file data-v5.pdb (PDB, C-alpha atoms)
MODEL        1
ATOM      1  CA  MET A   4      31.057 121.097 -40.547  1.00  0.00           C
ATOM      2  CA  TYR A   5      32.017 123.631 -43.186  1.00  0.00           C
ATOM      3  CA  PHE A   6      28.400 123.863 -44.299  1.00  0.00           C
ATOM      4  CA  LEU A   7      27.413 124.644 -40.697  1.00  0.00           C
ATOM      5  CA  GLY A   8      29.686 127.673 -40.842  1.00  0.00           C
ATOM      6  CA  LEU A   9      32.560 126.195 -38.838  1.00  0.00           C
ATOM      7  CA  GLU A  10      36.160 126.767 -39.835  1.00  0.00           C
ATOM      8  CA  MET A  11      37.821 123.485 -40.693  1.00  0.00           C
ATOM      9  CA  ILE A  12      41.378 122.232 -40.864  1.00  0.00           C
ATOM     10  CA  PHE A  13      42.342 118.899 -42.329  1.00  0.00           C
ATOM     11  CA  ILE A  14      45.284 117.076 -40.771  1.00  0.00           C
ATOM     12  CA  SER A  15      46.592 114.018 -42.564  1.00  0.00           C
ATOM     13  CA  ARG A  16      49.777 112.514 -43.966  1.00  0.00           C
ATOM     14  CA  VAL A  17      50.554 111.242 -47.471  1.00  0.00           C
ATOM     15  CA  ARG A  18      53.547 110.066 -49.469  1.00  0.00           C
ATOM     16  CA  CYS A  19      55.629 113.106 -50.478  1.00  0.00           C
ATOM     17  CA  TYR A  20      54.633 113.399 -54.119  1.00  0.00           C
ATOM     18  CA  GLU A  21      50.927 112.718 -53.501  1.00  0.00           C
ATOM     19  CA  LYS A  22      50.128 115.973 -51.703  1.00  0.00           C
ATOM     20  CA  GLU A  23      50.380 118.258 -54.686  1.00  0.00           C
ATOM     21  CA  ARG A  24      49.321 115.763 -57.308  1.00  0.00           C
ATOM     22  CA  LYS A  25      46.062 114.419 -55.897  1.00  0.00           C
ATOM     23  CA  LEU A  26      45.105 115.293 -52.355  1.00  0.00           C
ATOM     24  CA  ARG A  27      45.624 119.046 -52.284  1.00  0.00           C
ATOM     25  CA  PRO A  28      43.220 119.859 -55.157  1.00  0.00           C
ATOM     26  CA  TYR A  29      40.649 117.446 -53.700  1.00  0.00           C
ATOM     27  CA  VAL A  30      40.827 118.989 -50.218  1.00  0.00           C
ATOM     28  CA  LEU A  31      40.629 122.510 -51.639  1.00  0.00           C
ATOM     29  CA  SER A  32      37.521 121.568 -53.644  1.00  0.00           C
ATOM     30  CA  PHE A  33      35.707 121.149 -50.301  1.00  0.00           C
ATOM     31  CA  LYS A  34      36.820 124.610 -49.145  1.00  0.00           C
ATOM     32  CA  LEU A  35      39.225 123.062 -46.614  1.00  0.00           C
ATOM     33  CA  LYS A  36      42.760 124.250 -45.965  1.00  0.00           C
ATOM     34  CA  ALA A  37      45.500 121.834 -47.021  1.00  0.00           C
ATOM     35  CA  ASP A  38      48.257 123.454 -44.955  1.00  0.00           C
ATOM     36  CA  ASP A  39      48.360 120.695 -42.346  1.00  0.00           C
ATOM     37  CA  ILE A  40      48.787 117.762 -44.695  1.00  0.00           C
ATOM     38  CA  GLN A  41      52.112 116.202 -43.804  1.00  0.00           C
ATOM     39  CA  GLU A  42      54.422 114.563 -46.331  1.00  0.00           C
ATOM     40  CA  ASP A  43      55.994 111.197 -45.561  1.00  0.00           C
ATOM     41  CA  PRO A  44      59.219 110.238 -47.364  1.00  0.00           C
ATOM     42  CA  THR A  45      58.943 106.550 -46.470  1.00  0.00           C
ATOM     43  CA  HIS A  46      55.398 105.244 -46.146  1.00  0.00           C
ATOM     44  CA  PRO A  47      52.875 105.039 -48.986  1.00  0.00           C
ATOM     45  CA  THR A  48      49.666 107.042 -49.021  1.00  0.00           C
ATOM     46  CA  GLY A  49      46.851 105.103 -47.372  1.00  0.00           C
ATOM     47  CA  LYS A  50      44.458 103.127 -49.485  1.00  0.00           C
ATOM     48  CA  VAL A  51      41.351 101.051 -49.022  1.00  0.00           C
ATOM     49  CA  ASN A  52      40.314  98.159 -51.245  1.00  0.00           C
ATOM     50  CA  ILE A  53      36.539  97.768 -51.546  1.00  0.00           C
ATOM     51  CA  THR A  54      34.753  94.729 -52.936  1.00  0.00           C
ATOM     52  CA  LEU A  55      31.070  93.921 -53.188  1.00  0.00           C
ATOM     53  CA  ASP A  56      29.760  90.470 -52.368  1.00  0.00           C
ATOM     54  CA  LYS A  57      26.940  88.754 -54.284  1.00  0.00           C
ATOM     55  CA  GLN A  58      24.336  90.520 -52.144  1.00  0.00           C
ATOM     56  CA  GLY A  59      25.876  93.915 -52.889  1.00  0.00           C
ATOM     57  CA  TYR A  60      27.379  94.443 -49.427  1.00  0.00           C
ATOM     58  CA  ALA A  61      30.687  96.264 -49.330  1.00  0.00           C
ATOM     59  CA  HIS A  62      33.776  94.760 -47.698  1.00  0.00           C
ATOM     60  CA  PHE A  63      36.728  96.964 -46.877  1.00  0.00           C
ATOM     61  CA  VAL A  64      40.427  96.169 -46.524  1.00  0.00           C
ATOM     62  CA  ILE A  65      42.163  99.131 -44.922  1.00  0.00           C
ATOM     63  CA  HIS A  66      45.905  98.760 -45.392  1.00  0.00           C
ATOM     64  CA  LYS A  67      48.209  99.312 -42.432  1.00  0.00           C
ATOM     65  CA  ARG A  68      51.600 100.976 -41.996  1.00  0.00           C
ATOM     66  CA  VAL A  69      50.740 103.787 -44.382  1.00  0.00           C
ATOM     67  CA  ALA A  70      51.526 107.486 -44.094  1.00  0.00           C
ATOM     68  CA  TYR A  71      48.549 108.524 -41.943  1.00  0.00           C
ATOM     69  CA  ASP A  72      49.568 105.897 -39.384  1.00  0.00           C
ATOM     70  CA  PHE A  73      52.677 108.024 -38.776  1.00  0.00           C
ATOM     71  CA  LEU A  74      51.258 111.515 -38.195  1.00  0.00           C
ATOM     72  CA  GLU A  75      53.714 113.723 -36.372  1.00  0.00           C
ATOM     73  CA  VAL A  76      52.909 116.295 -33.737  1.00  0.00           C
ATOM     74  CA  ILE A  77      54.156 119.511 -35.263  1.00  0.00           C
ATOM     75  CA  PRO A  78      53.944 123.026 -33.777  1.00  0.00           C
ATOM     76  CA  LYS A  79      51.934 124.464 -36.675  1.00  0.00           C
ATOM     77  CA  ALA A  80      49.206 121.842 -36.307  1.00  0.00           C
ATOM     78  CA  LEU A  81      49.162 122.236 -32.515  1.00  0.00           C
ATOM     79  CA  HIS A  82      48.660 125.972 -32.970  1.00  0.00           C
ATOM     80  CA  HIS A  83      45.640 125.360 -35.219  1.00  0.00           C
ATOM     81  CA  VAL A  84      44.161 122.685 -32.971  1.00  0.00           C
ATOM     82  CA  ALA A  85      44.474 124.894 -29.881  1.00  0.00           C
ATOM     83  CA  LYS A  86      42.066 127.433 -31.421  1.00  0.00           C
ATOM     84  CA  VAL A  87      39.186 125.135 -32.395  1.00  0.00           C
ATOM     85  CA  ASP A  88      35.927 124.406 -30.613  1.00  0.00           C
ATOM     86  CA  LEU A  89      35.591 120.867 -31.938  1.00  0.00           C
ATOM     87  CA  ILE A  90      38.035 118.142 -32.902  1.00  0.00           C
ATOM     88  CA  TYR A  91      36.817 115.231 -34.987  1.00  0.00           C
ATOM     89  CA  ILE A  92      39.183 112.281 -35.106  1.00  0.00           C
ATOM     90  CA  GLY A  93      38.552 109.691 -37.786  1.00  0.00           C
ATOM     91  CA  THR A  94      38.599 106.045 -36.797  1.00  0.00           C
ATOM     92  CA  LEU A  95      41.816 105.314 -38.690  1.00  0.00           C
ATOM     93  CA  MET A  96      43.621 107.796 -36.458  1.00  0.00           C
ATOM     94  CA  GLN A  97      42.743 105.650 -33.459  1.00  0.00           C
ATOM     95  CA  ARG A  98      44.514 102.516 -34.634  1.00  0.00           C
ATOM     96  CA  THR A  99      48.074 103.769 -34.177  1.00  0.00           C
ATOM     97  CA  LEU A 100      49.168 104.216 -30.579  1.00  0.00           C
ATOM     98  CA  ARG A 101      52.260 106.310 -30.095  1.00  0.00           C
ATOM     99  CA  ARG A 102      53.187 108.328 -27.066  1.00  0.00           C
ATOM    100  CA  VAL A 103      53.934 111.961 -27.653  1.00  0.00           C
TER     101      VAL A 103
ENDMDL
END
call {"tool": "encode", "arguments": {"input": "data-v5.pdb", "output": "structure tokens"}}
result
Amino acid sequence: MYFLGLEMIFISRVRCYEKERKLRPYVLSFKLKADDIQEDPTHPTGKVNITLDKQGYAHFVIHKRVAYDFLEVIPKALHHVAKVDLIYIGTLMQRTLRRV
């Protein structure tokens, strides 16, 4: 979307120490803003284990009960979301149902 000239925000959640150490520089390298990355004091940063079978097909194990499963609705993020023309929600976001 960035390469189409659209302003992007990235909303996610990681374990507290991970934001500055790994994710923030990575997000910034794609010219995205990292302001809406939430820090979770309890849950680990999400991870995916990938293995290849004998035919070279990838198999994914996406671990549950990780930080991005516990995104919080915060005023700052709502303010950003209210101004956009398009919202893309990744599939992992859809697996946690919580009423707001």
call {"tool": "closest_residue", "arguments": {"input": "data-v5.pdb", "among": "A:Phe73, A:Phe13, A:Val84, A:Ile90", "to": "A:Lys34", "atoms": "only C-alpha atoms"}}
result
A:Phe13
call {"tool": "resolve_selection", "arguments": {"input": "data-v5.pdb", "expression": "the PyMOL selection byres ((chain A and resi 27) around 12)", "output": "PyMOL selection string"}}
result
chain A and resi 13-17+19-26+28-42
call {"tool": "atom_distance", "arguments": {"input": "data-v5.pdb", "atom1": "atom CA of A:Pro47", "atom2": "atom CA of A:Phe63"}}
result
18.2 Å
call {"tool": "residues_around", "arguments": {"input": "data-v5.pdb", "residues": "A:Thr45", "least_positions_apart": "5", "cutoff": "9 Å", "atoms": "only C-alpha atoms", "output": "list of chain:residue names"}}
result
A:Arg18, A:Cys19, A:Val69, A:Ala70
call {"tool": "write_last_selection", "arguments": {"input": "data-v5.pdb", "atoms": "C-alpha atoms", "output": "compact mmCIF listing (two decimals), in the coordinates of the input"}}
result
# COMPACT_ATOMS: atom_id res chain seq x y z
CA ARG A 18 53.55 110.07 -49.47
CA CYS A 19 55.63 113.11 -50.48
CA VAL A 69 50.74 103.79 -44.38
CA ALA A 70 51.53 107.49 -44.09
call {"tool": "atom_distance", "arguments": {"input": "data-v5.pdb", "atom1": "atom CA of A:Met11", "atom2": "atom CA of A:Pro44"}}
result
26.0 Å
call {"tool": "atom_distance", "arguments": {"input": "data-v5.pdb", "atom1": "atom CA of A:Val51", "atom2": "atom CA of A:Tyr91"}}
result
20.5 Å
call {"tool": "residues_around", "arguments": {"input": "data-v5.pdb", "residues": "A:Lys50", "least_positions_apart": "4", "cutoff": "9 Å", "atoms": "only C-alpha atoms", "output": "ChimeraX atom specification"}}
result
/A:64-67,69
call {"tool": "closest_residue", "arguments": {"input": "data-v5.pdb", "among": "A:Asp43, A:Asp88, A:Asp56, A:Glu10", "to": "A:Glu75", "atoms": "only C-alpha atoms"}}
result
A:Asp43
call {"tool": "build_atoms", "arguments": {"input": "data-v5.pdb", "residues": "stretch 21-47 of chain A", "atoms": "N, CA and C atoms", "output": "CSV table (one decimal), keeping the file's coordinate frame"}}
result
chain,number,residue,atom,x,y,z
A,21,GLU,N,52.4,112.8,-53.4
A,21,GLU,CA,50.9,112.7,-53.5
A,21,GLU,C,50.2,114.0,-53.1
A,22,LYS,N,50.8,114.8,-52.2
A,22,LYS,CA,50.1,116.0,-51.7
A,22,LYS,C,49.7,116.9,-52.8
A,23,GLU,N,50.7,117.3,-53.6
A,23,GLU,CA,50.4,118.3,-54.7
A,23,GLU,C,49.6,117.6,-55.8
A,24,ARG,N,49.9,116.4,-56.1
A,24,ARG,CA,49.3,115.8,-57.3
A,24,ARG,C,47.8,115.4,-57.2
A,25,LYS,N,47.4,114.9,-56.0
A,25,LYS,CA,46.1,114.4,-55.9
A,25,LYS,C,45.3,115.0,-54.7
A,26,LEU,N,45.9,114.9,-53.5
A,26,LEU,CA,45.1,115.3,-52.4
A,26,LEU,C,44.8,116.8,-52.2
A,27,ARG,N,45.8,117.6,-52.5
A,27,ARG,CA,45.6,119.0,-52.3
A,27,ARG,C,44.5,119.6,-53.1
A,28,PRO,N,44.4,119.3,-54.4
A,28,PRO,CA,43.2,119.9,-55.2
A,28,PRO,C,41.9,119.3,-54.6
A,29,TYR,N,41.9,118.1,-54.2
A,29,TYR,CA,40.6,117.4,-53.7
A,29,TYR,C,40.2,118.1,-52.4
A,30,VAL,N,41.1,118.3,-51.5
A,30,VAL,CA,40.8,119.0,-50.2
A,30,VAL,C,40.3,120.4,-50.5
A,31,LEU,N,41.0,121.1,-51.3
A,31,LEU,CA,40.6,122.5,-51.6
A,31,LEU,C,39.2,122.6,-52.3
A,32,SER,N,38.8,121.6,-53.0
A,32,SER,CA,37.5,121.6,-53.6
A,32,SER,C,36.4,121.6,-52.6
A,33,PHE,N,36.7,121.1,-51.4
A,33,PHE,CA,35.7,121.1,-50.3
A,33,PHE,C,35.8,122.4,-49.4
A,34,LYS,N,36.6,123.4,-49.9
A,34,LYS,CA,36.8,124.6,-49.1
A,34,LYS,C,37.6,124.4,-47.8
A,35,LEU,N,38.4,123.3,-47.8
A,35,LEU,CA,39.2,123.1,-46.6
A,35,LEU,C,40.6,123.6,-46.9
A,36,LYS,N,41.4,123.8,-45.8
A,36,LYS,CA,42.8,124.2,-46.0
A,36,LYS,C,43.6,123.0,-46.0
A,37,ALA,N,44.6,123.0,-46.9
A,37,ALA,CA,45.5,121.8,-47.0
A,37,ALA,C,46.9,122.1,-46.4
A,38,ASP,N,47.0,123.1,-45.6
A,38,ASP,CA,48.3,123.5,-45.0
A,38,ASP,C,48.8,122.4,-44.0
A,39,ASP,N,47.9,121.6,-43.4
A,39,ASP,CA,48.4,120.7,-42.3
A,39,ASP,C,48.4,119.3,-42.9
A,40,ILE,N,48.6,119.1,-44.1
A,40,ILE,CA,48.8,117.8,-44.7
A,40,ILE,C,50.3,117.5,-44.7
A,41,GLN,N,50.7,116.5,-43.9
A,41,GLN,CA,52.1,116.2,-43.8
A,41,GLN,C,52.6,115.3,-45.0
A,42,GLU,N,53.8,115.4,-45.3
A,42,GLU,CA,54.4,114.6,-46.3
A,42,GLU,C,55.4,113.5,-45.7
A,43,ASP,N,55.2,112.3,-46.1
A,43,ASP,CA,56.0,111.2,-45.6
A,43,ASP,C,57.0,110.7,-46.6
A,44,PRO,N,58.3,110.7,-46.4
A,44,PRO,CA,59.2,110.2,-47.4
A,44,PRO,C,59.3,108.7,-47.5
A,45,THR,N,58.7,108.0,-46.5
A,45,THR,CA,58.9,106.6,-46.5
A,45,THR,C,57.7,105.7,-46.7
A,46,HIS,N,56.6,106.1,-46.1
A,46,HIS,CA,55.4,105.2,-46.1
A,46,HIS,C,54.5,105.7,-47.3
A,47,PRO,N,53.8,104.7,-47.9
A,47,PRO,CA,52.9,105.0,-49.0
A,47,PRO,C,51.6,105.7,-48.5
